[in-house]
file target23.csv (CSV, C-alpha atoms)
chain,number,residue,atom,x,y,z
A,1,MET,CA,0.0,0.0,0.0
A,2,ILE,CA,1.1,3.5,-0.7
A,3,SER,CA,-0.3,6.9,0.3
A,4,VAL,CA,-1.0,9.1,-2.8
A,5,LYS,CA,-1.4,12.8,-2.2
A,6,THR,CA,-2.8,15.0,-5.0
A,7,THR,CA,-4.7,18.2,-5.5
A,8,VAL,CA,-8.0,17.4,-7.1
A,9,ASN,CA,-10.2,20.2,-8.4
A,10,GLY,CA,-8.3,22.6,-6.1
A,11,GLU,CA,-8.6,20.5,-3.0
A,12,GLU,CA,-5.7,18.6,-1.4
A,13,ARG,CA,-6.7,14.9,-1.3
A,14,SER,CA,-5.0,11.8,-0.2
A,15,ALA,CA,-5.8,8.1,0.0
A,16,ASP,CA,-4.0,4.8,0.8
A,17,VAL,CA,-4.1,2.6,-2.2
A,18,GLU,CA,-2.5,-0.6,-3.6
A,19,ASP,CA,0.5,-0.1,-5.8
A,20,ARG,CA,-1.5,-1.3,-8.8
A,21,THR,CA,-4.4,1.1,-8.3
A,22,LEU,CA,-5.2,3.0,-11.5
A,23,LEU,CA,-5.8,6.8,-11.3
A,24,VAL,CA,-9.4,6.3,-12.4
A,25,SER,CA,-10.0,3.9,-9.4
A,26,TYR,CA,-8.3,6.3,-7.0
A,27,LEU,CA,-10.7,9.1,-8.2
A,28,ARG,CA,-13.9,7.0,-8.3
A,29,GLU,CA,-13.5,4.5,-5.5
A,30,HIS,CA,-11.3,6.3,-3.0
A,31,LEU,CA,-12.2,9.9,-3.5
A,32,ARG,CA,-15.8,9.1,-4.7
A,33,LEU,CA,-15.5,11.3,-7.7
A,34,THR,CA,-17.6,9.2,-10.0
A,35,GLY,CA,-18.0,11.7,-12.8
A,36,THR,CA,-15.0,10.2,-14.5
A,37,HIS,CA,-16.2,7.0,-16.2
A,38,ILE,CA,-14.7,3.6,-17.1
A,39,GLY,CA,-16.0,2.7,-20.5
A,40,CYS,CA,-13.6,0.0,-21.7
A,41,ASP,CA,-10.8,-2.2,-20.3
A,42,THR,CA,-8.4,-1.5,-23.2
A,43,SER,CA,-7.4,2.2,-23.0
A,44,GLN,CA,-9.3,3.0,-26.1
A,45,CYS,CA,-12.6,4.8,-25.3
A,46,GLY,CA,-11.5,8.0,-23.5
A,47,ALA,CA,-14.5,8.1,-21.1
A,48,CYS,CA,-11.9,8.4,-18.2
A,49,VAL,CA,-10.1,11.5,-19.5
A,50,VAL,CA,-9.0,13.9,-16.8
A,51,HIS,CA,-6.4,16.6,-16.7
A,52,VAL,CA,-3.1,15.9,-14.9
A,53,ASN,CA,-1.0,19.1,-14.5
A,54,GLY,CA,-3.1,20.7,-17.2
A,55,LYS,CA,-2.9,17.9,-19.8
A,56,ALA,CA,-5.6,15.5,-20.9
A,57,VAL,CA,-4.7,11.9,-20.1
A,58,LYS,CA,-6.6,8.6,-19.8
A,59,SER,CA,-6.9,8.0,-16.1
A,60,CYS,CA,-7.3,4.3,-16.8
A,61,THR,CA,-3.8,4.2,-18.2
A,62,MET,CA,-2.0,5.9,-15.4
A,63,LEU,CA,-1.3,4.6,-11.9
A,64,ALA,CA,-2.5,6.6,-9.0
A,65,ALA,CA,1.1,6.4,-7.8
A,66,GLN,CA,2.3,8.3,-10.9
A,67,ALA,CA,0.0,11.1,-10.0
A,68,GLU,CA,1.6,11.7,-6.6
A,69,GLY,CA,1.9,15.5,-6.1
A,70,CYS,CA,0.0,16.3,-9.3
A,71,ASN,CA,-2.7,18.8,-9.9
A,72,ILE,CA,-5.8,16.9,-11.2
A,73,THR,CA,-9.0,18.3,-12.7
A,74,THR,CA,-12.0,16.1,-13.3
A,75,VAL,CA,-15.3,16.9,-14.9
A,76,GLU,CA,-16.6,17.8,-11.4
A,77,GLY,CA,-14.1,20.6,-11.3
A,78,LEU,CA,-15.2,22.5,-14.4
A,79,ALA,CA,-18.3,24.3,-13.4
A,80,ASP,CA,-18.2,27.4,-11.3
A,81,GLY,CA,-20.9,26.7,-8.7
A,82,ASP,CA,-24.1,26.5,-10.6
A,83,THR,CA,-22.6,28.1,-13.7
A,84,LEU,CA,-21.6,25.5,-16.3
A,85,HIS,CA,-18.2,25.7,-18.0
A,86,PRO,CA,-18.7,27.0,-21.6
A,87,VAL,CA,-18.0,23.5,-23.0
A,88,GLN,CA,-20.6,21.9,-20.7
A,89,ALA,CA,-23.1,24.6,-21.6
A,90,ALA,CA,-22.4,24.0,-25.3
A,91,PHE,CA,-22.9,20.2,-25.0
A,92,ARG,CA,-26.3,20.9,-23.5
A,93,GLU,CA,-27.2,23.6,-26.0
A,94,TYR,CA,-26.2,21.4,-29.0
A,95,HIS,CA,-27.4,18.1,-27.6
A,96,GLY,CA,-23.9,16.8,-27.7
A,97,LEU,CA,-24.9,13.7,-25.8
A,98,GLN,CA,-27.5,11.0,-25.8
A,99,CYS,CA,-26.8,8.3,-23.1
A,100,GLY,CA,-24.1,10.6,-21.6
A,101,PHE,CA,-21.6,7.8,-20.8
A,102,CYS,CA,-18.8,9.2,-22.9
A,103,THR,CA,-19.6,12.8,-22.0
A,104,PRO,CA,-17.2,13.4,-19.1
A,105,GLY,CA,-14.2,12.3,-21.3
A,106,MET,CA,-15.5,14.2,-24.3
A,107,ILE,CA,-15.8,17.4,-22.3
A,108,MET,CA,-12.4,17.0,-20.6
A,109,SER,CA,-10.8,16.3,-24.0
A,110,ALA,CA,-12.6,19.3,-25.6
A,111,VAL,CA,-11.4,21.7,-22.9
A,112,ASP,CA,-7.9,20.5,-23.4
A,113,LEU,CA,-8.2,20.7,-27.2
A,114,ILE,CA,-9.6,24.3,-27.1
A,115,ARG,CA,-6.7,25.3,-24.8
A,116,ARG,CA,-4.1,23.7,-27.1
A,117,ILE,CA,-5.3,24.7,-30.6
A,118,PRO,CA,-6.6,28.2,-31.5
A,119,ASP,CA,-9.1,28.6,-34.4
A,120,LEU,CA,-10.4,25.1,-34.4
A,121,ASP,CA,-12.0,23.9,-37.6
A,122,GLU,CA,-14.2,20.9,-37.9
A,123,PRO,CA,-11.7,18.4,-39.4
A,124,THR,CA,-9.2,19.3,-36.6
A,125,ILE,CA,-11.9,18.7,-34.0
A,126,ARG,CA,-12.7,15.3,-35.5
A,127,GLN,CA,-9.1,14.3,-35.7
A,128,GLU,CA,-8.4,15.4,-32.2
A,129,LEU,CA,-11.3,13.3,-30.9
A,130,GLU,CA,-9.6,10.1,-32.1
A,131,GLY,CA,-9.2,9.0,-28.5
A,132,ASN,CA,-12.8,9.4,-27.5
A,133,LEU,CA,-15.5,7.0,-28.6
A,134,CYS,CA,-19.2,7.7,-28.6
A,135,ARG,CA,-21.7,5.0,-29.6
A,136,CYS,CA,-24.8,7.2,-29.7
A,137,THR,CA,-24.4,10.5,-31.3
A,138,GLY,CA,-22.4,9.8,-34.5
A,139,TYR,CA,-20.3,12.7,-33.2
A,140,GLN,CA,-22.2,15.4,-35.2
A,141,ASN,CA,-23.5,17.3,-32.3
A,142,ILE,CA,-20.4,16.8,-30.2
A,143,VAL,CA,-18.3,18.5,-33.0
A,144,LYS,CA,-20.9,21.3,-33.2
A,145,ALA,CA,-20.8,21.8,-29.4
A,146,ILE,CA,-17.0,22.0,-29.3
A,147,LYS,CA,-16.8,24.4,-32.3
A,148,SER,CA,-19.3,26.7,-30.6
A,149,ALA,CA,-17.6,26.5,-27.3
A,150,ALA,CA,-14.2,27.3,-28.9
A,151,GLU,CA,-15.7,30.3,-30.7
A,152,GLN,CA,-17.4,31.5,-27.5
A,153,MET,CA,-14.3,31.1,-25.4
A,154,ALA,CA,-12.1,32.9,-27.9
A,155,SER,CA,-14.4,35.9,-28.0
B,1,MET,CA,-3.7,-6.2,-13.1
B,2,TYR,CA,-1.6,-8.6,-11.1
B,3,GLU,CA,0.0,-7.2,-8.1
B,4,PHE,CA,3.4,-5.6,-8.3
B,5,ASN,CA,5.6,-3.2,-6.3
B,6,TYR,CA,5.7,0.4,-7.5
B,7,LYS,CA,9.1,2.1,-7.0
B,8,LYS,CA,9.9,5.6,-8.1
B,9,ALA,CA,13.5,6.1,-9.2
B,10,GLY,CA,15.2,9.3,-8.2
B,11,SER,CA,18.0,8.9,-10.7
B,12,LEU,CA,19.1,6.7,-13.6
B,13,ASP,CA,21.7,5.0,-11.3
B,14,GLU,CA,18.9,4.2,-8.8
B,15,ALA,CA,16.7,2.9,-11.6
B,16,LYS,CA,19.4,0.5,-12.7
B,17,ALA,CA,20.0,-0.7,-9.2
B,18,LEU,CA,16.3,-1.2,-8.6
B,19,LEU,CA,16.1,-3.1,-11.9
B,20,ALA,CA,19.0,-5.3,-11.0
B,21,GLY,CA,17.5,-6.0,-7.6
B,22,ALA,CA,14.0,-7.0,-8.8
B,23,ASP,CA,12.9,-10.5,-9.7
B,24,ASP,CA,11.3,-9.3,-12.9
B,25,GLY,CA,11.4,-5.5,-12.9
B,26,LYS,CA,10.1,-3.4,-15.7
B,27,LEU,CA,10.6,0.3,-16.4
B,28,LEU,CA,7.6,2.6,-16.4
B,29,SER,CA,7.9,5.7,-18.4
B,30,GLY,CA,4.6,6.9,-20.0
B,31,GLY,CA,3.1,3.5,-19.5
B,32,GLN,CA,0.8,3.8,-22.6
B,33,THR,CA,1.8,0.3,-23.8
B,34,LEU,CA,2.9,-1.3,-20.6
B,35,LEU,CA,-0.2,-0.5,-18.5
B,36,PRO,CA,-2.8,-1.7,-21.1
B,37,THR,CA,-0.7,-4.9,-21.5
B,38,MET,CA,-0.8,-5.4,-17.7
B,39,LYS,CA,-4.5,-4.6,-17.5
B,40,GLN,CA,-5.1,-7.5,-20.0
B,41,ARG,CA,-2.9,-9.7,-17.7
B,42,LEU,CA,-0.5,-10.3,-20.6
B,43,ALA,CA,2.4,-9.2,-18.4
B,44,MET,CA,3.1,-9.6,-14.7
B,45,PRO,CA,6.3,-7.8,-13.7
B,46,SER,CA,7.2,-8.1,-10.0
B,47,ASP,CA,8.2,-4.4,-9.9
B,48,LEU,CA,7.5,-1.3,-11.8
B,49,ILE,CA,10.3,1.2,-11.7
B,50,ASP,CA,9.0,4.7,-12.5
B,51,ILE,CA,11.5,6.8,-14.5
B,52,GLY,CA,8.8,9.1,-15.9
B,53,SER,CA,10.0,12.2,-14.1
B,54,LEU,CA,13.7,11.9,-14.3
B,55,ALA,CA,15.3,15.2,-15.4
B,56,GLU,CA,18.2,13.1,-16.9
B,57,LEU,CA,15.9,11.9,-19.6
B,58,LYS,CA,14.6,15.2,-20.6
B,59,GLY,CA,15.8,17.7,-23.2
B,60,ILE,CA,15.5,18.7,-26.8
B,61,ALA,CA,18.6,20.4,-28.5
B,62,VAL,CA,19.8,21.0,-32.0
B,63,SER,CA,23.6,21.2,-32.5
B,64,GLY,CA,24.9,21.4,-36.0
B,65,ASP,CA,23.3,18.6,-38.0
B,66,VAL,CA,22.3,16.6,-34.9
B,67,LEU,CA,18.9,16.8,-33.1
B,68,SER,CA,19.1,15.3,-29.6
B,69,ILE,CA,16.0,14.2,-27.8
B,70,GLY,CA,15.9,12.8,-24.3
B,71,ALA,CA,14.3,9.4,-23.9
B,72,GLY,CA,11.7,10.8,-21.5
B,73,GLU,CA,10.4,13.4,-23.9
B,74,LYS,CA,6.7,12.9,-24.6
B,75,HIS,CA,5.2,12.5,-28.1
B,76,ALA,CA,3.1,15.7,-27.7
B,77,ASP,CA,6.2,17.7,-26.7
B,78,VAL,CA,8.2,16.4,-29.7
B,79,ALA,CA,5.2,17.2,-32.0
B,80,SER,CA,4.9,20.7,-30.7
B,81,SER,CA,8.5,21.6,-30.2
B,82,SER,CA,9.4,24.7,-32.3
B,83,GLU,CA,13.0,23.5,-32.4
B,84,ILE,CA,12.1,20.2,-33.9
B,85,ARG,CA,9.4,21.8,-36.2
B,86,SER,CA,12.1,23.9,-37.8
B,87,ALA,CA,15.1,21.5,-37.7
B,88,LEU,CA,13.3,18.2,-38.6
B,89,PRO,CA,9.6,18.8,-39.3
B,90,ALA,CA,9.1,15.2,-40.5
B,91,LEU,CA,9.9,14.0,-37.0
B,92,ALA,CA,7.5,16.4,-35.4
B,93,ASP,CA,4.9,15.2,-37.9
B,94,LEU,CA,5.6,11.6,-37.0
B,95,ALA,CA,5.2,12.2,-33.3
B,96,GLY,CA,1.9,14.0,-33.9
B,97,MET,CA,0.6,10.9,-35.6
B,98,ILE,CA,1.2,8.5,-32.7
B,99,GLY,CA,-2.0,7.2,-31.0
B,100,ASP,CA,-4.4,9.9,-29.9
B,101,PRO,CA,-3.9,13.2,-27.9
B,102,HIS,CA,-4.1,11.5,-24.5
B,103,VAL,CA,-1.5,8.9,-25.5
B,104,ARG,CA,0.8,11.6,-26.8
B,105,HIS,CA,0.6,13.5,-23.5
B,106,MET,CA,2.0,10.4,-21.7
B,107,GLY,CA,4.0,8.2,-24.1
B,108,THR,CA,7.7,8.7,-24.5
B,109,LEU,CA,10.4,8.3,-27.2
B,110,GLY,CA,12.5,6.0,-25.0
B,111,GLY,CA,9.5,3.8,-24.0
B,112,SER,CA,8.4,3.5,-27.6
B,113,ILE,CA,11.7,2.4,-29.0
B,114,SER,CA,12.5,0.1,-26.0
B,115,ASN,CA,9.3,-1.8,-26.6
B,116,ASN,CA,10.0,-2.0,-30.4
B,117,ASP,CA,6.4,-2.8,-31.4
B,118,PRO,CA,6.6,-3.9,-35.0
B,119,ALA,CA,3.9,-1.3,-35.8
B,120,ALA,CA,5.3,1.6,-33.8
B,121,ASP,CA,6.3,4.8,-35.6
B,122,TYR,CA,9.5,5.9,-33.9
B,123,PRO,CA,11.6,2.9,-35.1
B,124,ALA,CA,11.1,4.2,-38.6
B,125,ALA,CA,12.3,7.6,-37.5
B,126,CYS,CA,15.4,6.2,-35.8
B,127,VAL,CA,16.4,4.0,-38.8
B,128,GLY,CA,15.4,6.5,-41.5
B,129,LEU,CA,17.1,9.4,-39.8
B,130,ASP,CA,20.3,7.5,-39.1
B,131,ALA,CA,19.9,7.9,-35.4
B,132,THR,CA,22.4,7.0,-32.6
B,133,ILE,CA,20.7,5.6,-29.5
B,134,HIS,CA,22.5,6.4,-26.2
B,135,THR,CA,21.9,4.1,-23.3
B,136,THR,CA,23.2,4.0,-19.8
B,137,ASP,CA,25.9,1.6,-21.0
B,138,ARG,CA,26.8,2.5,-24.6
B,139,SER,CA,25.8,4.1,-27.9
B,140,LEU,CA,24.3,2.1,-30.7
B,141,SER,CA,23.2,2.8,-34.3
B,142,ALA,CA,19.5,2.4,-34.8
B,143,GLU,CA,20.1,-0.6,-37.0
B,144,GLU,CA,22.0,-2.3,-34.2
B,145,PHE,CA,19.4,-1.4,-31.6
B,146,PHE,CA,16.3,-2.9,-33.2
B,147,VAL,CA,16.8,-6.6,-33.3
B,148,GLY,CA,13.4,-8.2,-34.0
B,149,MET,CA,9.8,-8.3,-33.1
B,150,PHE,CA,9.5,-6.6,-29.6
B,151,GLU,CA,13.2,-7.2,-29.3
B,152,THR,CA,16.1,-4.7,-28.9
B,153,ALA,CA,19.8,-5.0,-28.1
B,154,LEU,CA,19.1,-3.6,-24.6
B,155,SER,CA,20.3,-5.8,-21.7
B,156,GLU,CA,18.1,-6.4,-18.7
B,157,THR,CA,19.4,-3.4,-16.8
B,158,GLU,CA,20.2,-1.1,-19.7
B,159,ILE,CA,18.1,2.1,-20.1
B,160,VAL,CA,17.7,4.3,-23.1
B,161,VAL,CA,18.9,7.8,-22.2
B,162,GLY,CA,18.4,9.7,-25.5
B,163,VAL,CA,18.4,9.6,-29.3
B,164,ASP,CA,20.5,11.7,-31.7
B,165,PHE,CA,18.8,12.1,-35.0
B,166,LYS,CA,20.9,13.2,-38.0
B,167,VAL,CA,19.2,16.3,-39.6
B,168,PRO,CA,18.5,15.5,-43.3
B,169,GLN,CA,18.4,17.8,-46.3
B,170,LYS,CA,14.7,16.7,-46.6
B,171,ALA,CA,12.5,14.0,-45.2
B,172,ALA,CA,8.9,12.9,-44.8
B,173,TYR,CA,7.0,10.2,-43.0
B,174,MET,CA,3.8,8.7,-44.3
B,175,LYS,CA,1.7,6.0,-42.7
B,176,PHE,CA,-1.4,4.0,-43.3
B,177,PRO,CA,-2.8,3.8,-39.8
B,178,ASN,CA,-4.9,1.1,-38.4
B,179,PRO,CA,-8.1,3.1,-37.9
B,180,ALA,CA,-8.8,1.7,-34.5
B,181,SER,CA,-5.4,1.8,-32.8
B,182,ARG,CA,-3.5,4.4,-35.0
B,183,TYR,CA,-0.6,2.0,-35.1
B,184,ALA,CA,1.1,1.8,-38.5
B,185,ILE,CA,-0.2,-0.9,-40.8
B,186,VAL,CA,2.7,0.4,-42.8
B,187,GLY,CA,4.7,3.6,-42.2
B,188,VAL,CA,7.7,4.8,-44.3
B,189,MET,CA,10.3,7.4,-43.4
B,190,VAL,CA,12.2,8.7,-46.4
B,191,ALA,CA,15.2,11.0,-45.8
B,192,GLN,CA,17.7,12.6,-48.2
B,193,TYR,CA,21.3,13.1,-47.0
B,194,ALA,CA,24.4,14.3,-48.7
B,195,SER,CA,25.6,10.7,-48.3
B,196,GLY,CA,22.4,9.4,-50.0
B,197,PRO,CA,18.8,8.6,-49.3
B,198,ARG,CA,17.4,6.4,-46.6
B,199,VAL,CA,14.1,4.6,-46.6
B,200,ALA,CA,12.9,2.9,-43.4
B,201,VAL,CA,9.7,0.8,-43.2
B,202,THR,CA,7.7,0.1,-40.0
B,203,GLY,CA,4.6,-1.9,-39.6
B,204,ALA,CA,5.2,-4.2,-42.5
B,205,GLY,CA,7.7,-6.7,-41.1
B,206,PRO,CA,8.6,-8.2,-37.7
B,207,SER,CA,10.8,-5.2,-37.1
B,208,VAL,CA,11.7,-1.9,-38.9
B,209,PHE,CA,13.9,-2.4,-42.0
B,210,ARG,CA,15.6,-0.4,-44.7
B,211,GLN,CA,14.2,-0.7,-48.3
B,212,MET,CA,17.6,-0.8,-50.1
B,213,GLU,CA,16.2,-1.1,-53.6
B,214,MET,CA,14.3,2.1,-53.1
B,215,GLU,CA,17.3,3.8,-51.6
B,216,GLN,CA,19.4,3.0,-54.7
B,217,ALA,CA,16.7,4.2,-57.0
B,218,LEU,CA,16.3,7.5,-55.1
B,219,ALA,CA,20.0,8.0,-55.0
B,220,SER,CA,20.0,8.7,-58.8
B,221,ASP,CA,16.6,10.4,-58.9
B,222,PHE,CA,14.8,11.5,-55.8
B,223,SER,CA,11.3,11.5,-57.2
B,224,PRO,CA,8.2,9.3,-56.7
B,225,GLY,CA,8.5,8.1,-60.3
B,226,SER,CA,11.9,6.5,-59.7
B,227,ILE,CA,10.5,4.0,-57.2
B,228,GLU,CA,7.2,3.5,-59.1
B,229,ALA,CA,8.2,0.1,-60.5
B,230,ILE,CA,9.8,-1.3,-57.4
B,231,ARG,CA,7.8,-4.1,-55.8
B,232,GLN,CA,8.4,-4.9,-52.2
B,233,SER,CA,8.4,-8.7,-51.7
B,234,PRO,CA,5.7,-9.9,-49.3
B,235,GLU,CA,8.0,-12.7,-48.1
B,236,SER,CA,8.6,-12.5,-44.4
B,237,LEU,CA,6.2,-9.6,-44.0
B,238,ASN,CA,3.5,-9.7,-41.3
B,239,SER,CA,0.1,-11.1,-42.0
B,240,ASP,CA,-2.8,-10.7,-39.5
B,241,LEU,CA,-6.4,-9.8,-39.3
B,242,HIS,CA,-5.6,-6.2,-40.1
B,243,ALA,CA,-3.7,-6.8,-43.4
B,244,SER,CA,-2.2,-9.6,-45.4
B,245,ALA,CA,1.5,-9.7,-46.2
B,246,ASP,CA,0.6,-9.0,-49.9
B,247,TYR,CA,-1.4,-5.9,-48.9
B,248,ARG,CA,1.4,-4.7,-46.6
B,249,ALA,CA,3.9,-5.1,-49.4
B,250,HIS,CA,1.7,-3.0,-51.7
B,251,LEU,CA,1.3,-0.3,-49.0
B,252,VAL,CA,5.1,-0.1,-48.7
B,253,GLY,CA,5.3,1.2,-52.3
B,254,VAL,CA,2.3,3.5,-51.9
B,255,MET,CA,3.6,5.1,-48.6
B,256,ALA,CA,7.1,5.4,-49.9
B,257,LYS,CA,6.0,7.2,-53.0
B,258,ARG,CA,3.8,9.6,-50.9
B,259,ALA,CA,6.7,10.2,-48.5
B,260,VAL,CA,9.1,11.0,-51.4
B,261,GLU,CA,6.4,13.3,-52.9
B,262,LYS,CA,5.9,15.1,-49.6
B,263,ALA,CA,9.7,15.4,-49.0
B,264,SER,CA,10.5,16.7,-52.5
call {"tool": "encode", "arguments": {"input": "target23.csv", "output": "structure tokens"}}
result
Amino acid sequence: MISVKTTVNGEERSADVEDRTLLVSYLREHLRLTGTHIGCDTSQCGACVVHVNGKAVKSCTMLAAQAEGCNITTVEGLADGDTLHPVQAAFREYHGLQCGFCTPGMIMSAVDLIRRIPDLDEPTIRQELEGNLCRCTGYQNIVKAIKSAAEQMAS
Amino acid sequence: MYEFNYKKAGSLDEAKALLAGADDGKLLSGGQTLLPTMKQRLAMPSDLIDIGSLAELKGIAVSGDVLSIGAGEKHADVASSSEIRSALPALADLAGMIGDPHVRHMGTLGGSISNNDPAADYPAACVGLDATIHTTDRSLSAEEFFVGMFETALSETEIVVGVDFKVPQKAAYMKFPNPASRYAIVGVMVAQYASGPRVAVTGAGPSVFRQMEMEQALASDFSPGSIEAIRQSPESLNSDLHASADYRAHLVGVMAKRAVEKAS
């Protein structure tokens, strides 16, 4: 067992976990932050994407131990009280979800993408979503939501 | 995952000592191949030795015609480095084609080449760009380093420290990615040097290889037309559910031509 200390959504957190504990299990089972989802067992679906030190990563493909001392943002940390983050608001506005299972990862990837790449066009958004699978929407409204949020956040 | 002991190394020397002392220790850098493999219970190391934050493995520098990249540099940082973009854009392009954005935020150069997946992109860069691979013990040419399928010249306790790429006059990498994994079904790095061209192929065979017939043709005429008639033999190429050996052989020609066109 090891003690893993992190800062999650601005709060200092710590938990004693097995060496083999994945970051996603640390977040969901030990810190009870269940907004981050586990959609596959093969590191392909992206439902578990969180930000570690400002970068989007798959929390199912990182050990909790590797996150020691890191600053983590999960989907729970995006909204400002009752005010949704512009990407969350755009997903609602454009109906960028149906069952909602992939949504936390989609939104965390989108926030990272908008931060990294200015003037996002549609092909770039689609290419950058390579690591996030959605089985409901066909991606159309997800892409629209991200484009709208990017424009709004740039203005 | 099976149980293991997690150990964070504070230095390369400590990492070597931890490796030597472990029953079946494995190095953990970005973990983007190792952890998925362990999740599938296809590997059960006794110890994971984390070298992901070692400053000794970081650094990007251009000196004369050599681009040096630390083994711990992540794909996203190679893809977005302004120094690499200007000195060797083909390498930045290649790094930007690996996996997806999340994988590129974690995966490292040293991890990729040490694993030597037959479909990985970096081996084509190392061989195509006449790289020298520096380890904790020695320096090797890329062709000496990559031995076979998932096999390198590294000893049990040897760690890749960095890679020196030779800056070419021009180069380009083209790949036909598996649409699910983004690994190369076939990827070809073509580079032109004063000493002659180099053509390195990944994804097609058990390990990266040079396509000598194409190199000879490009030496007299660096144009897509000069390799038009060259047929890669499917013999000893990989055949799996993604592509047959014949199809991979065909793709070697197509990707090589596209790379030459892009480089010219």
call {"tool": "atom_distance", "arguments": {"input": "target23.csv", "atom1": "CA of Val260 in chain B", "atom2": "CA of Pro197 in chain B"}}
result
10.2 Å
call {"tool": "interface_residues", "arguments": {"input": "target23.csv", "of": "chain B", "to": "chain A", "cutoff": "7 Å", "atoms": "all atoms listed in the file", "output": "number ranges by chain"}}
result
B: 1, 3-6, 31-32, 35-36, 100-103, 105
call {"tool": "residues_around", "arguments": {"input": "target23.csv", "residues": "range 239-248 of chain B", "least_positions_apart": "3", "cutoff": "12 Å", "atoms": "only C-alpha atoms", "output": "number ranges by chain"}}
result
B: 118-119, 175-188, 201-206, 231-236, 251-255
call {"tool": "atom_distance", "arguments": {"input": "target23.csv", "atom1": "CA of Leu12 in chain B", "atom2": "CA of Asp93 in chain B"}}
result
29.4 Å
call {"tool": "residues_around", "arguments": {"input": "target23.csv", "residues": "range 76-82 of chain B", "least_positions_apart": "6", "cutoff": "9 Å", "atoms": "only C-alpha atoms", "output": "MDAnalysis selection string"}}
result
chainID B and resid 60 69 89 91:98 101:109
call {"tool": "closest_residue", "arguments": {"input": "target23.csv", "among": "B:Ser63, B:Asn238, B:Ser264, B:Gln211", "to": "Pro224 in chain B", "atoms": "only C-alpha atoms"}}
result
B:Ser264
call {"tool": "atom_distance", "arguments": {"input": "target23.csv", "atom1": "CA of Met212 in chain B", "atom2": "CA of Arg198 in chain B"}}
result
8.0 Å
call {"tool": "residues_around", "arguments": {"input": "target23.csv", "residues": "Asp50 in chain B", "least_positions_apart": "6", "cutoff": "9 Å", "atoms": "all atoms listed in the file", "output": "PyMOL selection string"}}
result
(chain A and resi 66) or (chain B and resi 6-10+15+26-30)
call {"tool": "residues_near_point", "arguments": {"input": "target23.csv", "point": "(-21.8, 18.2, -37.3)", "cutoff": "12 Å", "atoms": "only C-alpha atoms", "output": "list in words"}}
result
Tyr94, His95, Gly96, Asp121, Glu122, Pro123, Ile125, Arg126, Thr137, Gly138, Tyr139, Gln140, Asn141, Ile142, Val143, Lys144, Ala145, Ile146, Lys147 and Ser148 of chain A
call {"tool": "residues_around", "arguments": {"input": "target23.csv", "residues": "Tyr26 in chain A", "least_positions_apart": "2", "cutoff": "9 Å", "atoms": "only C-alpha atoms", "output": "number ranges by chain"}}
result
A: 4, 15, 17, 21-24, 28-33, 63-64
